[in-house]
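Dropping work-v2.txt in here (compact mmCIF, C-alpha atoms):
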```
# COMPACT_ATOMS: atom_id res chain seq x y z
CA MET A 1 -59.46 95.42 79.30
CA ASP A 2 -56.09 96.25 80.83
CA THR A 3 -54.97 99.06 78.53
CA TRP A 4 -51.28 98.41 78.99
CA LYS A 5 -51.68 94.90 77.57
CA GLU A 6 -52.95 96.39 74.30
CA PHE A 7 -49.36 97.26 73.52
CA GLU A 8 -48.58 93.56 73.15
CA GLN A 9 -51.46 93.05 70.71
CA ASN A 10 -50.01 95.18 67.92
CA VAL A 11 -49.76 93.51 64.54
CA ILE A 12 -46.18 94.57 63.91
CA SER A 13 -43.28 95.89 65.94
CA HIS A 14 -41.41 99.13 65.27
CA SER A 15 -38.53 97.16 63.76
CA ALA A 16 -40.83 95.07 61.54
CA ALA A 17 -42.56 98.22 60.28
CA HIS A 18 -39.22 99.66 59.21
CA HIS A 19 -38.17 96.45 57.50
CA LEU A 20 -41.43 96.39 55.53
CA MET A 21 -41.10 100.06 54.59
CA ALA A 22 -37.51 99.48 53.49
CA VAL A 23 -38.68 96.69 51.17
CA ASP A 24 -41.43 98.96 49.81
CA ASP A 25 -39.01 101.82 49.24
CA LEU A 26 -36.38 99.65 47.54
CA VAL A 27 -38.89 97.98 45.23
CA SER A 28 -40.26 101.43 44.28
CA ARG A 29 -36.78 102.75 43.52
CA LEU A 30 -34.91 99.73 42.19
CA GLY A 31 -37.64 97.29 41.20
CA TYR A 32 -36.37 94.74 43.69
CA ALA A 33 -35.13 94.36 47.26
CA ARG A 34 -32.40 92.08 48.53
CA VAL A 35 -31.29 91.37 52.08
CA SER A 36 -28.06 93.31 51.42
CA ASP A 37 -30.02 96.36 50.19
CA ILE A 38 -32.31 96.32 53.23
CA ALA A 39 -29.27 95.98 55.52
CA ARG A 40 -27.66 99.06 53.95
CA GLN A 41 -30.86 101.09 54.04
CA LEU A 42 -31.50 100.33 57.71
CA ASN A 43 -27.81 100.40 58.63
CA ILE A 44 -27.91 96.97 60.25
CA THR A 45 -26.27 93.62 59.48
CA ARG A 46 -27.53 91.13 56.91
CA GLY A 47 -27.81 88.63 59.74
CA SER A 48 -30.26 90.90 61.59
CA VAL A 49 -32.30 91.48 58.43
CA SER A 50 -32.47 87.76 57.66
CA ILE A 51 -33.55 86.89 61.19
CA SER A 52 -36.14 89.70 61.22
CA LEU A 53 -37.59 88.81 57.82
CA LYS A 54 -38.28 85.19 58.73
CA PRO A 55 -41.43 85.78 60.82
CA MET A 56 -42.63 88.34 58.27
CA LYS A 57 -42.33 85.77 55.50
CA GLU A 58 -44.12 83.23 57.69
CA ALA A 59 -46.88 85.79 58.32
CA GLY A 60 -47.29 86.24 54.57
CA LEU A 61 -46.19 89.89 54.57
CA ILE A 62 -43.09 89.39 52.41
CA LEU A 63 -42.54 87.16 49.40
CA GLN A 64 -39.25 85.90 47.99
CA ASP A 65 -38.68 84.74 44.42
CA GLU A 66 -36.21 82.19 43.05
CA ASN A 67 -33.56 84.96 42.71
CA ARG A 68 -33.98 85.73 46.44
CA HIS A 69 -35.51 89.09 45.56
CA LEU A 70 -38.03 90.26 48.10
CA ARG A 71 -41.27 92.15 47.69
CA LEU A 72 -44.33 92.88 49.76
CA SER A 73 -47.38 90.68 49.47
CA GLU A 74 -50.78 92.39 49.09
CA LYS A 75 -51.23 92.03 52.83
CA GLY A 76 -47.77 93.52 53.46
CA GLN A 77 -48.46 96.39 51.08
CA ARG A 78 -51.74 97.22 52.84
CA LEU A 79 -49.94 97.26 56.17
CA VAL A 80 -47.20 99.57 54.86
CA ASN A 81 -49.75 101.92 53.27
CA ALA A 82 -51.59 102.13 56.60
CA VAL A 83 -48.40 102.80 58.58
CA LYS A 84 -47.27 105.49 56.12
CA THR A 85 -50.67 107.19 56.24
CA LYS A 86 -50.66 107.14 60.03
CA ARG A 87 -47.17 108.65 60.06
CA ARG A 88 -48.30 111.52 57.78
CA LEU A 89 -51.37 112.16 59.90
CA ILE A 90 -49.50 112.17 63.19
CA GLU A 91 -46.69 114.32 61.82
CA ARG A 92 -49.20 116.81 60.54
CA LEU A 93 -51.07 116.82 63.86
CA LEU A 94 -47.87 117.45 65.78
CA ALA A 95 -46.17 119.92 63.44
CA GLU A 96 -49.02 121.86 61.85
CA LEU A 97 -51.51 121.92 64.67
CA LEU A 98 -49.54 121.59 67.88
CA GLY A 99 -46.52 123.56 66.66
CA VAL A 100 -43.96 120.85 67.40
CA SER A 101 -40.73 121.30 65.43
CA ALA A 102 -40.72 119.41 62.13
CA GLU A 103 -37.73 117.34 63.24
CA GLN A 104 -39.32 116.30 66.55
CA ALA A 105 -42.68 115.68 64.87
CA GLU A 106 -40.99 113.26 62.47
CA ILE A 107 -39.27 111.42 65.34
CA ASP A 108 -42.42 111.15 67.46
CA ALA A 109 -44.55 110.08 64.50
CA CYS A 110 -42.02 107.37 63.71
CA LYS A 111 -42.28 106.09 67.29
CA VAL A 112 -46.05 105.63 67.22
CA GLU A 113 -47.00 105.14 63.55
CA HIS A 114 -47.22 101.36 63.85
CA LEU A 115 -48.96 101.49 67.26
CA THR A 116 -51.79 103.80 66.25
CA SER A 117 -55.11 102.08 65.71
CA ASN A 118 -57.04 102.39 62.45
CA GLU A 119 -59.89 103.93 64.44
CA THR A 120 -57.65 106.76 65.62
CA ALA A 121 -56.28 107.23 62.11
CA ARG A 122 -59.80 107.48 60.65
CA ARG A 123 -60.72 110.12 63.21
CA LEU A 124 -57.56 112.03 62.34
CA VAL A 125 -58.50 111.96 58.66
CA ALA A 126 -61.94 113.28 59.55
CA PHE A 127 -60.41 115.94 61.77
CA PHE A 128 -58.08 117.13 59.00
CA ARG A 129 -60.98 117.23 56.54
CA PHE A 130 -62.58 119.63 58.98
CA VAL A 131 -59.37 121.67 59.31
CA ASP A 132 -58.95 121.80 55.53
CA SER A 133 -62.56 122.76 54.91
CA HIS A 134 -61.70 126.51 54.96
CA ASP A 135 -64.70 127.07 57.18
CA ALA A 136 -64.52 130.57 58.69
CA THR A 137 -64.89 129.15 62.21
CA VAL A 138 -61.97 126.81 61.60
CA ARG A 139 -59.80 129.67 60.36
CA GLU A 140 -60.64 131.72 63.43
CA PHE A 141 -60.00 128.77 65.75
CA LEU A 142 -56.59 128.12 64.21
CA ALA A 143 -55.64 131.78 64.32
CA ARG A 144 -56.62 132.01 67.99
CA TRP A 145 -54.81 128.78 68.83
CA ARG A 146 -51.62 129.96 67.18
CA SER A 147 -51.60 133.15 69.22
CA PHE A 148 -52.71 131.53 72.50
CA GLU A 149 -50.41 131.95 75.53
CA ALA A 150 -50.26 128.43 76.93
CA SER A 151 -48.62 128.96 80.30
CA CYS A 152 -50.45 128.74 83.63
CA GLY A 153 -49.23 132.17 84.53
CA SER A 154 -48.56 132.82 88.18
CA ASP A 155 -51.32 130.61 89.60
CA PRO A 156 -51.45 126.95 88.47
CA GLN A 157 -54.32 126.31 90.85
CA ALA A 158 -56.47 128.72 88.93
CA CYS A 159 -55.66 126.98 85.64
CA PRO A 160 -58.57 124.81 84.39
CA THR A 161 -56.16 122.34 82.82
CA CYS A 162 -53.53 121.87 85.52
CA VAL A 163 -55.59 122.15 88.76
CA GLU A 164 -52.94 121.51 91.45
CA LYS A 165 -49.61 121.91 89.71
CA CYS A 166 -48.49 123.00 86.29
CA MET A 167 -48.40 119.95 84.01
CA ALA A 168 -46.09 121.70 81.60
CA ARG A 169 -43.38 121.77 84.30
CA ASP A 170 -43.58 117.94 84.51
CA VAL A 171 -42.62 117.63 80.86
CA ASN A 172 -40.07 120.40 80.63
CA GLU A 173 -36.59 119.46 79.44
CA SER A 174 -34.42 118.70 82.47
CA MET B 1 -15.22 97.42 38.32
CA SER B 2 -13.01 100.29 39.52
CA PRO B 3 -10.87 99.40 42.54
CA LEU B 4 -12.13 100.40 45.97
CA SER B 5 -10.29 103.01 47.97
CA THR B 6 -8.80 101.99 51.31
CA GLU B 7 -11.65 103.76 53.09
CA GLU B 8 -14.22 101.85 51.06
CA ILE B 9 -12.45 98.56 51.76
CA VAL B 10 -12.36 99.35 55.49
CA GLN B 11 -16.08 100.21 55.37
CA GLU B 12 -16.82 96.80 53.83
CA LEU B 13 -14.56 95.02 56.31
CA ASN B 14 -16.33 96.83 59.15
CA ARG B 15 -19.62 95.47 57.79
CA ALA B 16 -18.21 91.95 57.84
CA PHE B 17 -16.83 92.60 61.34
CA ALA B 18 -20.30 93.59 62.53
CA GLU B 19 -21.78 90.42 60.99
CA GLU B 20 -19.28 88.23 62.87
CA VAL B 21 -19.65 89.99 66.22
CA GLU B 22 -23.42 89.87 65.94
CA ALA B 23 -23.28 86.20 65.02
CA ALA B 24 -21.10 85.51 68.08
CA THR B 25 -23.63 87.31 70.29
CA ARG B 26 -26.45 85.26 68.77
CA TYR B 27 -24.52 82.01 69.32
CA LEU B 28 -23.99 82.97 72.95
CA HIS B 29 -27.72 83.55 73.33
CA LEU B 30 -28.72 80.43 71.38
CA ARG B 31 -26.62 78.05 73.45
CA ASN B 32 -28.32 79.39 76.57
CA ALA B 33 -31.79 79.31 75.04
CA VAL B 34 -31.85 75.66 73.98
CA ARG B 35 -33.92 73.52 76.32
CA GLY B 36 -34.58 69.85 76.87
CA LEU B 37 -32.68 66.85 75.60
CA ASP B 38 -31.63 68.88 72.55
CA ARG B 39 -29.19 70.74 74.77
CA LEU B 40 -26.95 67.70 74.89
CA ARG B 41 -26.98 67.45 71.12
CA VAL B 42 -26.32 71.02 70.07
CA VAL B 43 -24.83 73.06 72.92
CA GLY B 44 -21.33 71.81 72.08
CA VAL B 45 -21.80 72.81 68.42
CA LEU B 46 -23.07 76.27 69.38
CA LYS B 47 -20.25 76.79 71.87
CA GLU B 48 -17.64 75.92 69.24
CA ALA B 49 -19.38 78.12 66.68
CA PHE B 50 -19.27 81.02 69.16
CA ARG B 51 -15.52 80.53 69.65
CA GLU B 52 -14.84 80.34 65.89
CA THR B 53 -17.01 83.37 65.12
CA ILE B 54 -15.14 85.47 67.67
CA GLU B 55 -11.90 84.30 66.04
CA HIS B 56 -13.20 85.44 62.62
CA ALA B 57 -14.09 88.80 64.13
CA GLU B 58 -10.54 89.08 65.52
CA ILE B 59 -9.07 88.27 62.09
CA LEU B 60 -11.18 90.99 60.47
CA ALA B 61 -10.24 93.46 63.20
CA ARG B 62 -6.54 92.71 62.61
CA LYS B 63 -7.05 93.24 58.88
CA ILE B 64 -8.73 96.59 59.48
CA ARG B 65 -5.91 97.65 61.81
CA SER B 66 -3.32 96.58 59.20
CA LEU B 67 -4.94 99.11 56.86
CA GLY B 68 -4.32 101.82 59.43
CA HIS B 69 -7.84 102.05 60.84
CA VAL B 70 -9.63 101.21 64.07
CA PRO B 71 -12.48 98.70 63.66
CA LYS B 72 -15.89 100.32 63.88
CA LEU B 73 -18.75 98.40 65.46
CA ASP B 74 -22.39 99.34 65.10
CA ILE B 75 -24.69 96.46 65.95
CA CYS B 76 -28.12 96.10 67.45
CA VAL B 77 -29.02 92.58 68.53
CA SER B 78 -32.26 91.69 70.22
CA CYS B 79 -32.81 88.06 71.21
CA PRO B 80 -36.17 87.05 72.68
CA SER B 81 -36.35 85.07 75.92
CA GLU B 82 -38.36 82.14 74.52
CA PRO B 83 -36.79 78.68 74.91
CA LEU B 84 -35.75 76.93 71.71
CA SER B 85 -35.36 73.39 70.50
CA GLY B 86 -32.03 72.30 69.08
CA THR B 87 -33.48 72.38 65.56
CA GLU B 88 -34.83 75.91 65.99
CA ALA B 89 -31.46 77.10 67.27
CA LEU B 90 -29.63 75.55 64.31
CA GLN B 91 -32.16 77.00 61.86
CA GLN B 92 -31.51 80.45 63.28
CA ALA B 93 -27.77 79.86 63.11
CA LEU B 94 -28.10 78.81 59.46
CA THR B 95 -29.97 82.06 58.70
CA PHE B 96 -27.29 84.38 60.01
CA GLU B 97 -24.37 82.22 58.82
CA GLU B 98 -25.77 82.34 55.26
CA ALA B 99 -26.10 86.11 55.62
CA ALA B 100 -22.44 86.40 56.68
CA LEU B 101 -21.37 84.17 53.78
CA SER B 102 -23.24 86.35 51.27
CA CYS B 103 -21.51 89.40 52.77
CA TYR B 104 -18.08 87.88 52.00
CA GLN B 105 -19.17 86.71 48.54
CA ASP B 106 -20.27 90.22 47.59
CA LEU B 107 -17.07 91.67 49.05
CA LEU B 108 -14.96 89.30 46.93
CA LYS B 109 -16.46 90.78 43.76
CA LYS B 110 -15.50 94.27 44.94
CA VAL B 111 -11.85 93.50 45.74
CA GLU B 112 -10.98 91.77 42.45
CA GLY B 113 -7.43 92.70 41.48
CA ASP B 114 -6.21 93.19 45.04
CA VAL B 115 -4.53 89.81 45.41
CA PRO B 116 -3.78 89.77 49.18
CA LEU B 117 -7.28 90.99 49.97
CA GLU B 118 -8.84 88.54 47.52
CA GLU B 119 -6.95 85.68 49.17
CA PHE B 120 -8.09 86.86 52.58
CA ILE B 121 -11.75 87.06 51.56
CA ARG B 122 -11.56 83.70 49.77
CA SER B 123 -10.25 82.06 52.91
CA GLN B 124 -13.12 83.60 54.91
CA ILE B 125 -15.60 82.34 52.31
CA ALA B 126 -14.13 78.85 52.58
CA ILE B 127 -14.48 78.89 56.38
CA GLU B 128 -18.03 80.28 56.30
CA SER B 129 -19.08 77.82 53.58
CA GLU B 130 -17.88 75.00 55.80
CA HIS B 131 -19.88 76.44 58.72
CA VAL B 132 -23.02 76.59 56.59
CA ALA B 133 -22.47 73.05 55.28
CA GLN B 134 -21.99 71.69 58.81
CA ILE B 135 -25.22 73.27 60.05
CA ARG B 136 -27.12 72.01 57.00
CA GLU B 137 -25.80 68.54 57.66
CA LEU B 138 -26.96 68.66 61.27
CA LEU B 139 -30.37 69.83 60.08
CA ASP B 140 -30.22 67.13 57.46
CA GLU B 141 -31.08 69.58 54.65
```
Any chance you could give the structure as structure tokens?
Amino acid sequence: MDTWKEFEQNVISHSAAHHLMAVDDLVSRLGYARVSDIARQLNITRGSVSISLKPMKEAGLILQDENRHLRLSEKGQRLVNAVKTKRRLIERLLAELLGVSAEQAEIDACKVEHLTSNETARRLVAFFRFVDSHDATVREFLARWRSFEASCGSDPQACPTCVEKCMARDVNES
Amino acid sequence: MSPLSTEEIVQELNRAFAEEVEAATRYLHLRNAVRGLDRLRVVGVLKEAFRETIEHAEILARKIRSLGHVPKLDICVSCPSEPLSGTEALQQALTFEEAALSCYQDLLKKVEGDVPLEEFIRSQIAIESEHVAQIRELLDE
């Protein structure tokens, strides 16, 4: 399958994920969510919220009562729980294991949380179970990783990762 | 309810300003997205609605300036490139017009006691209510 087309197959968009999480957060805090509350939380107009919510209501992710109060359906709640879990997993992978700054880890996790497949998330859970197992080998691996000098040194061609040119240079800040 | 400070009033007016400017942008998109025979029926309505919405935005901007501030605009509009029927376009218009109306209705509650501002918001509510009623009539709701 053309991998790039997978992007179009995602259940929800980045914007939809944030709308759903806003509803979840507001209901948890206030007991209800209105269009005006969601607009304030996401710092967008009520018009945008109303337009965005329509397909989510049609997809059965959001329910509205006679007072126009919104809440997540069971299906919507499952989706939000999955997205939140994926965000935590990715943030932890980036920040704790790869050493990315907490701020950047949060930003990058937010970008991909709704795109990450359940299969990848399950493997991340398994991986963290391994990391958290306090196995002596794991502790040694982590200690060595944290002290590892990651540069190619003076000869990128001798580097087993980079081969011809240093990949790190390609992704350096310009 | 304790009266709002000028800064709080300006913040609320900026919100209403954003609603109107966004609505105008959506009307511009909608009138270019309608396809088929429906175009004849609704493009005139959408064009007029665009003009009126820009006028409302101007009125709000003038009000904000009269309070000694510069209007602040922070919008993010994304309109897909799918063609629409006249009914679909009007249904979308109804959605964001109702949202704008609710914005003014909530603002009215907050400015109680400030007579000039109350009068201003009431006049906006009257105009928006008429907009909503017109669209509903076209949709035969």
task: Please measure the separation of atom CA of B:Leu46 and atom CA of B:Asp106, giving the value in Å to one decimal.
output: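 According to the coordinates, atom CA of B:Leu46 and atom CA of B:Asp106 are separated by 26.0 Å.
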- line: From atom CA of A:Ala59 to atom CA of B:Ala24 the spacing works out at 27.6 Å
- prompt: Which distance in Å separates atom CA of B:Arg51 and atom CA of B:Glu19, to one decimal?
  reply: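 Distance between the two atoms: 14.6 Å.
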Chain B near chain A within 7 Å: what's each residue's closest atom pair and its distance in Å to one decimal, counting only C-alpha atoms, ordered by chain then ascending residue number, as CSV?
```
residue,atom,partner,partner_atom,distance
B:Ala18,CA,A:Thr45,CA,6.7
B:Glu19,CA,A:Thr45,CA,5.7
B:Ile75,CA,A:Ile44,CA,6.6
B:Thr95,CA,A:Ser50,CA,6.3
B:Phe96,CA,A:Gly47,CA,4.3
B:Ala99,CA,A:Gly47,CA,5.1
B:Ala100,CA,A:Gly47,CA,6.6
```
Around all the atoms of stretch 10-22 of chain B listed in the file, with 8 Å of room on each side, what axis-aligned box do you get, giving centre and edge lengths in Å to one decimal, as JSON?
```
{"center_x": -17.9, "center_y": 94.2, "center_z": 60.0, "size_x": 27.1, "size_y": 28.0, "size_z": 28.4}
```
task: Name the residues, using the chain letters and numbers of the file, that sit within 12 Å of (-38.1, 78.0, 71.4) when counting all atoms listed in the file, and give them as an NGL selection string.
output: :B and (29-36 or 38-39 or 79-92)
field: Which residue of B:Ser5, B:Gln124, B:Ser129, B:Ser102 approaches B:Glu55 most closely, using all atoms listed in the file
entry: B:Gln124
task: Name the residues in contact with stretch 112-123 of chain B at a cut-off of 12 Å, using only C-alpha atoms, excluding same-chain residues fewer than 2 positions from it; report them as a VMD selection string.
output: chain B and resid 1 to 6 9 to 10 12 to 13 16 56 59 to 60 62 to 64 66 to 67 100 to 110 125 to 130
- request: Could you tell me which of A:Asp135, A:Ile107, A:Ala95, A:Ile90 comes closest to A:Arg122 if we count all atoms listed in the file?
  value: A:Ile90
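Distance check against B:Asp74 using all atoms listed in the file: of A:Met167, A:Val27, A:Met21, A:Leu42, the minimum falls on A:Leu42.
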task: Select, from A:His18, A:His69, A:Lys165, A:Lys86, the residue with the minimum atom-to-atom distance to A:Glu119, counting only C-alpha atoms.
output: A:Lys86
message: List as a PyMOL selection string the protein and nucleic acid residues near stretch 112-115 of chain A, meaning an atom at most 8 Å away when only C-alpha atoms are counted, but skip any in the same chain fewer than 5 places from it.
response: chain A and resi 7+10+12-14+17+83-84+86-87+90
- request: Measuring atom to atom with all atoms listed in the file, identify which of A:Trp145, A:Ala16, A:Arg34, A:Cys162 is nearest to A:Glu66.
  value: A:Arg34
field: Surrounding residues of A:Val131 excluding itself and chain neighbours under 6 positions, 12 Å, only C-alpha atoms, as a ChimeraX atom specification
entry: /A:92-93,96-97,124-125,137-143
- request: Could you check which of B:Ala93, B:Val111, B:Ala23, B:Leu73 is closest to B:Val45, using only C-alpha atoms?
  value: B:Ala93
